[in-house]
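Participant: Just upload_7.tsv, nothing more (TSV, C-alpha atoms):
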```tsv
chain	number	residue	atom	x	y	z
A	1	MET	CA	60.75	-70.99	19.25
A	2	LYS	CA	58.73	-68.01	20.53
A	3	GLY	CA	55.65	-70.18	21.08
A	4	ASP	CA	57.77	-72.75	22.96
A	5	LEU	CA	58.49	-70.24	25.72
A	6	LEU	CA	54.81	-69.81	26.47
A	7	GLU	CA	53.97	-73.52	26.62
A	8	PRO	CA	52.04	-74.21	29.84
A	9	VAL	CA	54.09	-77.36	30.47
A	10	ASN	CA	57.26	-75.24	30.99
A	11	TRP	CA	55.50	-73.01	33.46
A	12	THR	CA	53.75	-75.88	35.23
A	13	TRP	CA	56.98	-77.80	35.75
A	14	GLY	CA	59.03	-74.71	36.54
A	15	LEU	CA	56.62	-73.19	39.04
A	16	SER	CA	56.01	-76.57	40.67
A	17	LEU	CA	59.75	-77.09	41.12
A	18	ILE	CA	60.11	-73.56	42.51
A	19	ALA	CA	57.38	-74.26	45.08
A	20	LEU	CA	58.89	-77.62	46.01
A	21	THR	CA	62.45	-76.36	46.41
A	22	ILE	CA	61.38	-73.29	48.38
A	23	ALA	CA	59.36	-75.56	50.70
A	24	ILE	CA	62.42	-77.78	51.18
A	25	HIS	CA	64.62	-74.74	51.79
A	26	ALA	CA	62.16	-73.18	54.23
A	27	THR	CA	61.98	-76.46	56.16
A	28	GLY	CA	65.77	-76.57	56.39
A	29	VAL	CA	66.01	-72.95	57.49
A	30	VAL	CA	63.33	-73.42	60.15
A	31	MET	CA	65.17	-76.47	61.49
A	32	LEU	CA	68.42	-74.50	61.54
A	33	ALA	CA	66.64	-71.68	63.39
A	34	VAL	CA	65.34	-74.08	66.05
A	35	VAL	CA	68.83	-75.53	66.63
A	36	SER	CA	70.39	-72.06	66.62
A	37	GLU	CA	67.90	-70.79	69.18
A	38	ARG	CA	68.62	-73.73	71.48
A	39	ILE	CA	72.34	-73.03	71.24
A	40	ARG	CA	71.74	-69.34	71.90
A	41	ALA	CA	69.63	-70.12	74.98
A	42	ARG	CA	72.37	-72.36	76.38
A	43	ILE	CA	74.99	-69.67	75.86
A	44	VAL	CA	72.81	-67.07	77.59
A	45	ASN	CA	71.93	-69.38	80.51
A	46	ARG	CA	75.56	-70.32	81.12
A	47	HIS	CA	76.79	-66.70	80.97
A	48	LEU	CA	79.75	-67.71	78.81
A	49	GLY	CA	82.53	-65.22	78.21
A	50	LEU	CA	83.51	-63.77	74.86
A	51	ARG	CA	86.42	-66.20	74.41
A	52	TYR	CA	83.89	-69.05	74.40
A	53	VAL	CA	81.12	-67.31	72.50
A	54	VAL	CA	83.24	-66.23	69.50
A	55	PRO	CA	84.35	-69.75	68.46
A	56	ILE	CA	80.84	-71.10	69.07
A	57	VAL	CA	79.34	-68.45	66.78
A	58	ILE	CA	82.02	-68.99	64.13
A	59	GLY	CA	81.30	-72.73	64.19
A	60	LEU	CA	77.57	-72.12	64.08
A	61	VAL	CA	77.77	-69.78	61.08
A	62	ALA	CA	80.18	-72.12	59.25
A	63	SER	CA	78.02	-75.19	59.88
A	64	THR	CA	74.92	-73.23	58.88
A	65	GLY	CA	76.62	-72.27	55.61
A	66	LEU	CA	77.51	-75.90	54.99
A	67	VAL	CA	73.94	-77.10	55.65
A	68	LEU	CA	72.57	-74.38	53.35
A	69	ALA	CA	75.05	-75.38	50.61
A	70	VAL	CA	73.91	-79.00	50.93
A	71	LEU	CA	70.29	-77.84	50.65
A	72	HIS	CA	71.15	-75.90	47.48
A	73	GLY	CA	72.82	-79.05	46.11
A	74	ILE	CA	69.76	-81.19	46.86
A	75	GLU	CA	67.51	-78.63	45.23
A	76	ALA	CA	69.74	-78.46	42.14
A	77	ALA	CA	69.65	-82.27	41.97
A	78	ILE	CA	65.84	-82.16	41.99
A	79	TRP	CA	65.88	-79.81	38.99
A	80	ALA	CA	68.51	-82.01	37.29
A	81	ALA	CA	66.33	-85.09	37.79
A	82	ALA	CA	63.40	-83.24	36.24
A	83	TYR	CA	65.52	-82.28	33.22
A	84	LEU	CA	66.54	-85.90	32.74
A	85	TRP	CA	63.03	-87.26	33.22
A	86	LEU	CA	61.59	-84.74	30.74
A	87	GLY	CA	64.35	-85.39	28.19
A	88	ALA	CA	65.55	-81.78	28.32
A	89	LEU	CA	69.11	-83.05	28.86
A	90	ASP	CA	70.60	-86.48	28.09
A	91	SER	CA	73.32	-87.00	30.68
A	92	PRO	CA	73.08	-86.96	34.49
A	93	LEU	CA	76.41	-85.11	34.69
A	94	ASP	CA	75.25	-82.50	32.19
A	95	ALA	CA	71.95	-82.17	34.04
A	96	ILE	CA	73.54	-81.49	37.44
A	97	LEU	CA	76.12	-79.12	35.93
A	98	TYR	CA	73.43	-77.24	34.02
A	99	SER	CA	71.24	-77.10	37.11
A	100	VAL	CA	73.92	-75.77	39.47
A	101	ASP	CA	75.03	-73.33	36.78
A	102	SER	CA	71.49	-72.11	36.20
A	103	MET	CA	70.55	-71.99	39.89
A	104	SER	CA	73.61	-69.91	40.68
A	105	THR	CA	72.74	-67.69	37.69
A	106	ARG	CA	76.31	-68.16	36.45
A	107	GLY	CA	75.23	-69.52	33.09
A	108	ALA	CA	78.69	-70.24	31.72
A	109	SER	CA	78.57	-74.05	31.34
A	110	GLY	CA	77.78	-73.81	27.63
A	111	LEU	CA	74.98	-76.35	28.06
A	112	THR	CA	71.48	-75.63	26.79
A	113	LEU	CA	68.19	-77.38	27.30
A	114	GLU	CA	66.29	-79.00	24.45
A	115	GLY	CA	64.32	-76.33	22.57
A	116	HIS	CA	60.93	-76.20	24.20
A	117	TRP	CA	62.33	-76.68	27.76
A	118	ARG	CA	64.47	-73.53	27.75
A	119	MET	CA	61.98	-71.51	29.79
A	120	MET	CA	62.53	-73.98	32.63
A	121	GLY	CA	66.19	-72.95	32.77
A	122	ALA	CA	65.17	-69.33	33.21
A	123	LEU	CA	62.67	-70.32	35.91
A	124	GLU	CA	65.41	-72.26	37.70
A	125	ALA	CA	67.53	-69.11	37.71
A	126	VAL	CA	64.62	-67.26	39.33
A	127	ASP	CA	64.36	-70.08	41.88
A	128	GLY	CA	68.08	-69.85	42.57
A	129	MET	CA	67.85	-66.13	43.27
A	130	LEU	CA	64.98	-66.74	45.69
A	131	LEU	CA	66.78	-69.62	47.43
A	132	PHE	CA	70.06	-67.73	47.75
A	133	GLY	CA	68.10	-64.75	49.05
A	134	ILE	CA	66.53	-66.93	51.74
A	135	SER	CA	69.96	-68.31	52.66
A	136	THR	CA	71.55	-64.88	52.77
A	137	GLY	CA	68.68	-63.47	54.81
A	138	TYR	CA	68.93	-66.31	57.30
A	139	ILE	CA	72.69	-65.97	57.76
A	140	PHE	CA	72.24	-62.22	58.26
A	141	ALA	CA	69.51	-62.83	60.86
A	142	LEU	CA	71.70	-65.41	62.59
A	143	MET	CA	74.60	-62.97	62.80
A	144	GLN	CA	72.28	-60.24	64.04
A	145	ALA	CA	70.86	-62.51	66.76
A	146	TYR	CA	74.33	-63.18	68.11
A	147	TRP	CA	75.61	-59.63	67.65
A	148	SER	CA	73.77	-58.49	70.75
A	149	MET	CA	75.75	-61.04	72.76
A	150	PHE	CA	79.01	-59.56	71.52
A	151	SER	CA	78.01	-55.95	72.15
A	152	ARG	CA	76.78	-56.70	75.69
A	153	ARG	CA	79.93	-58.61	76.61
A	154	HIS	CA	82.33	-56.10	75.05
```
For the file at hand, write its structure as structure tokens.
Facilitator:
Amino acid sequence: MKGDLLEPVNWTWGLSLIALTIAIHATGVVMLAVVSERIRARIVNRHLGLRYVVPIVIGLVASTGLVLAVLHGIEAAIWAAAYLWLGALDSPLDAILYSVDSMSTRGASGLTLEGHWRMMGALEAVDGMLLFGISTGYIFALMQAYWSMFSRRH
């Protein structure tokens, strides 16, 4: 068991999936930032009042959260597909449940990977922390970008 955790195949797959999912997430966040900046420029150019800006920002943050949640789901599905392909889990439903559970670092599903693939589960948890950190950081930056609009109008 101890030697299984150091197998290069675990690290190769795990680190490759981390790089892939972070690249996907970064692409999504950059696209969200471009759209958000266009919306912000339109609001500024039109000199909209607070009663218009507040619902726009609420909608923007909510839709951003939804897009980020979809990205997390896609990324968990990529890990789940890898688990199935490698034979670490037998069922697609178990694979997606394990993946979402691991990525969220909840770890309460009761599912475990086949012996020598267990390190991949730990690496997915690391990936989940990084991805959720990117999402949290972006939502914070989005709120901060719009905060100046509220403080100037108030």
Participant: Near Ser151 in chain A, counting all atoms listed in the file, which residues have an atom at most 12 Å away, once you skip same-chain residues fewer than 3 positions from it, shown as a count of residues only?
Facilitator: 10
Participant: Interatomic distance between CA of Ser102 in chain A and CA of Glu124 in chain A?
Facilitator: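 That distance, rounded to one decimal, is 6.3 Å.
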Participant: Quick one: residues within 12 Å of (73.7, -81.4, 43.3) (file frame), counting only C-alpha atoms, please, as a list in words.
Facilitator: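 It turns out the residues near that spot are Ala69, Val70, Leu71, His72, Gly73, Ile74, Glu75, Ala76, Ala77, Ile78, Trp79, Ala80, Ala81, Pro92, Leu93, Asp94, Ala95, Ile96, Leu97, Tyr98, Ser99, Val100, Asp101, Ser102, Met103 and Ser104 of chain A.
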Participant: Would you mind reading off the distance between CA of Pro55 in chain A and CA of Thr27 in chain A, one decimal, in Å?
Facilitator: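 The value is 26.4 Å.
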Participant: Closest to Ile39 in chain A among A:Ala23, A:Arg51, A:Ala125, A:Gly59, using all atoms listed in the file?
Facilitator: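 Residue with the minimum atom-to-atom distance to Ile39 in chain A: A:Gly59.
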Participant: Which of these residues is nearest to Trp117 in chain A, using all atoms listed in the file: A:Val61, A:Ala88, A:Leu48, A:Met143?
Facilitator: A:Ala88
Participant: Tell me, as a ChimeraX atom specification, which residues lie within 12 Å of Arg40 in chain A, counting all atoms listed in the file; anything in the same chain fewer than 2 positions away does not count.
Facilitator: /A:33-38,42-48,53,56-57,60,142-143,145-149
Participant: What gap, in Å, lies between CA of Thr105 in chain A and CA of Leu131 in chain A?
Facilitator: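 Atom-to-atom, CA of Thr105 in chain A and CA of Leu131 in chain A are spaced 11.6 Å apart.
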Participant: Place a sphere of radius 7 Å on (77.5, -70.6, 54.4) in the file coordinates and name every protein, DNA or RNA residue with an atom inside or on its surface, counting all atoms listed in the file; give the answer as a ChimeraX atom specification.
Facilitator: /A:61-62,64-66,68-69
Participant: Can I get N, CA and C atoms for range 37-83 of chain A, as a CSV table (one decimal), in the first residue's frame?
Facilitator:
```csv
chain,number,residue,atom,x,y,z
A,37,GLU,N,-16.5,42.9,-18.1
A,37,GLU,CA,-15.9,44.2,-18.4
A,37,GLU,C,-16.7,44.9,-19.5
A,38,ARG,N,-17.3,44.2,-20.4
A,38,ARG,CA,-18.1,44.8,-21.4
A,38,ARG,C,-19.4,45.4,-20.8
A,39,ILE,N,-20.0,44.6,-19.9
A,39,ILE,CA,-21.2,45.0,-19.1
A,39,ILE,C,-20.9,46.2,-18.3
A,40,ARG,N,-19.7,46.2,-17.6
A,40,ARG,CA,-19.3,47.3,-16.8
A,40,ARG,C,-19.2,48.6,-17.6
A,41,ALA,N,-18.5,48.5,-18.8
A,41,ALA,CA,-18.3,49.6,-19.6
A,41,ALA,C,-19.7,50.2,-20.1
A,42,ARG,N,-20.6,49.4,-20.4
A,42,ARG,CA,-21.9,49.9,-20.8
A,42,ARG,C,-22.6,50.6,-19.7
A,43,ILE,N,-22.5,50.1,-18.5
A,43,ILE,CA,-23.2,50.7,-17.3
A,43,ILE,C,-22.5,52.1,-17.1
A,44,VAL,N,-21.2,52.2,-17.2
A,44,VAL,CA,-20.5,53.4,-17.0
A,44,VAL,C,-20.9,54.4,-18.1
A,45,ASN,N,-20.9,54.0,-19.3
A,45,ASN,CA,-21.2,54.9,-20.5
A,45,ASN,C,-22.6,55.4,-20.4
A,46,ARG,N,-23.5,54.6,-19.9
A,46,ARG,CA,-24.9,55.1,-19.9
A,46,ARG,C,-25.3,55.8,-18.6
A,47,HIS,N,-24.4,55.9,-17.7
A,47,HIS,CA,-24.6,56.7,-16.4
A,47,HIS,C,-25.9,56.2,-15.8
A,48,LEU,N,-26.0,54.9,-15.6
A,48,LEU,CA,-27.2,54.3,-15.0
A,48,LEU,C,-27.3,54.6,-13.5
A,49,GLY,N,-28.5,54.8,-13.0
A,49,GLY,CA,-28.7,55.0,-11.6
A,49,GLY,C,-28.6,53.7,-10.8
A,50,LEU,N,-28.5,53.9,-9.5
A,50,LEU,CA,-28.4,52.8,-8.6
A,50,LEU,C,-29.5,51.8,-8.7
A,51,ARG,N,-30.7,52.2,-8.9
A,51,ARG,CA,-31.8,51.3,-9.0
A,51,ARG,C,-31.7,50.4,-10.2
A,52,TYR,N,-30.9,50.7,-11.2
A,52,TYR,CA,-30.7,49.9,-12.4
A,52,TYR,C,-29.4,49.0,-12.2
A,53,VAL,N,-28.4,49.6,-11.5
A,53,VAL,CA,-27.1,49.0,-11.4
A,53,VAL,C,-27.2,47.8,-10.4
A,54,VAL,N,-27.9,48.0,-9.3
A,54,VAL,CA,-28.0,46.9,-8.3
A,54,VAL,C,-28.6,45.6,-8.9
A,55,PRO,N,-29.7,45.6,-9.6
A,55,PRO,CA,-30.2,44.3,-10.2
A,55,PRO,C,-29.3,43.8,-11.2
A,56,ILE,N,-28.6,44.6,-12.0
A,56,ILE,CA,-27.7,44.2,-13.0
A,56,ILE,C,-26.5,43.4,-12.3
A,57,VAL,N,-26.0,44.0,-11.3
A,57,VAL,CA,-24.9,43.4,-10.6
A,57,VAL,C,-25.3,42.1,-9.9
A,58,ILE,N,-26.5,42.1,-9.3
A,58,ILE,CA,-27.0,40.8,-8.7
A,58,ILE,C,-27.1,39.7,-9.8
A,59,GLY,N,-27.7,40.1,-10.9
A,59,GLY,CA,-27.8,39.1,-12.0
A,59,GLY,C,-26.4,38.6,-12.5
A,60,LEU,N,-25.5,39.6,-12.6
A,60,LEU,CA,-24.2,39.2,-13.1
A,60,LEU,C,-23.5,38.3,-12.1
A,61,VAL,N,-23.5,38.6,-10.8
A,61,VAL,CA,-22.9,37.7,-9.8
A,61,VAL,C,-23.5,36.3,-9.8
A,62,ALA,N,-24.9,36.3,-9.9
A,62,ALA,CA,-25.6,35.0,-9.8
A,62,ALA,C,-25.3,34.2,-11.1
A,63,SER,N,-25.3,34.8,-12.2
A,63,SER,CA,-25.0,34.1,-13.5
A,63,SER,C,-23.5,33.6,-13.5
A,64,THR,N,-22.6,34.5,-12.9
A,64,THR,CA,-21.2,34.1,-12.8
A,64,THR,C,-21.1,32.8,-11.9
A,65,GLY,N,-21.8,32.9,-10.8
A,65,GLY,CA,-21.8,31.7,-9.9
A,65,GLY,C,-22.3,30.4,-10.6
A,66,LEU,N,-23.3,30.6,-11.4
A,66,LEU,CA,-23.8,29.4,-12.1
A,66,LEU,C,-22.8,28.9,-13.2
A,67,VAL,N,-22.2,29.8,-13.9
A,67,VAL,CA,-21.2,29.4,-14.9
A,67,VAL,C,-20.0,28.7,-14.2
A,68,LEU,N,-19.6,29.2,-13.1
A,68,LEU,CA,-18.5,28.6,-12.4
A,68,LEU,C,-18.9,27.2,-11.8
A,69,ALA,N,-20.1,27.1,-11.4
A,69,ALA,CA,-20.6,25.8,-10.9
A,69,ALA,C,-20.6,24.8,-12.0
A,70,VAL,N,-21.0,25.2,-13.2
A,70,VAL,CA,-21.0,24.3,-14.4
A,70,VAL,C,-19.6,23.9,-14.7
A,71,LEU,N,-18.7,24.9,-14.7
A,71,LEU,CA,-17.3,24.6,-14.9
A,71,LEU,C,-16.8,23.5,-13.9
A,72,HIS,N,-17.1,23.7,-12.6
A,72,HIS,CA,-16.7,22.7,-11.6
A,72,HIS,C,-17.3,21.3,-12.0
A,73,GLY,N,-18.5,21.3,-12.4
A,73,GLY,CA,-19.1,20.0,-12.8
A,73,GLY,C,-18.4,19.4,-14.0
A,74,ILE,N,-18.1,20.2,-15.0
A,74,ILE,CA,-17.4,19.6,-16.1
A,74,ILE,C,-16.0,19.1,-15.7
A,75,GLU,N,-15.3,19.8,-14.9
A,75,GLU,CA,-14.0,19.4,-14.4
A,75,GLU,C,-14.1,18.1,-13.5
A,76,ALA,N,-15.2,18.0,-12.7
A,76,ALA,CA,-15.4,16.8,-11.9
A,76,ALA,C,-15.7,15.6,-12.9
A,77,ALA,N,-16.4,15.9,-14.0
A,77,ALA,CA,-16.7,14.8,-14.9
A,77,ALA,C,-15.5,14.3,-15.6
A,78,ILE,N,-14.5,15.2,-15.9
A,78,ILE,CA,-13.3,14.8,-16.5
A,78,ILE,C,-12.5,13.9,-15.6
A,79,TRP,N,-12.4,14.2,-14.3
A,79,TRP,CA,-11.8,13.3,-13.3
A,79,TRP,C,-12.6,12.0,-13.3
A,80,ALA,N,-13.9,12.0,-13.2
A,80,ALA,CA,-14.7,10.8,-13.2
A,80,ALA,C,-14.4,9.9,-14.4
A,81,ALA,N,-14.3,10.5,-15.6
A,81,ALA,CA,-14.1,9.7,-16.8
A,81,ALA,C,-12.7,9.1,-16.7
A,82,ALA,N,-11.7,9.8,-16.1
A,82,ALA,CA,-10.4,9.2,-15.9
A,82,ALA,C,-10.5,8.0,-15.0
A,83,TYR,N,-11.2,8.2,-13.9
A,83,TYR,CA,-11.3,7.0,-12.9
A,83,TYR,C,-12.0,5.8,-13.6
```
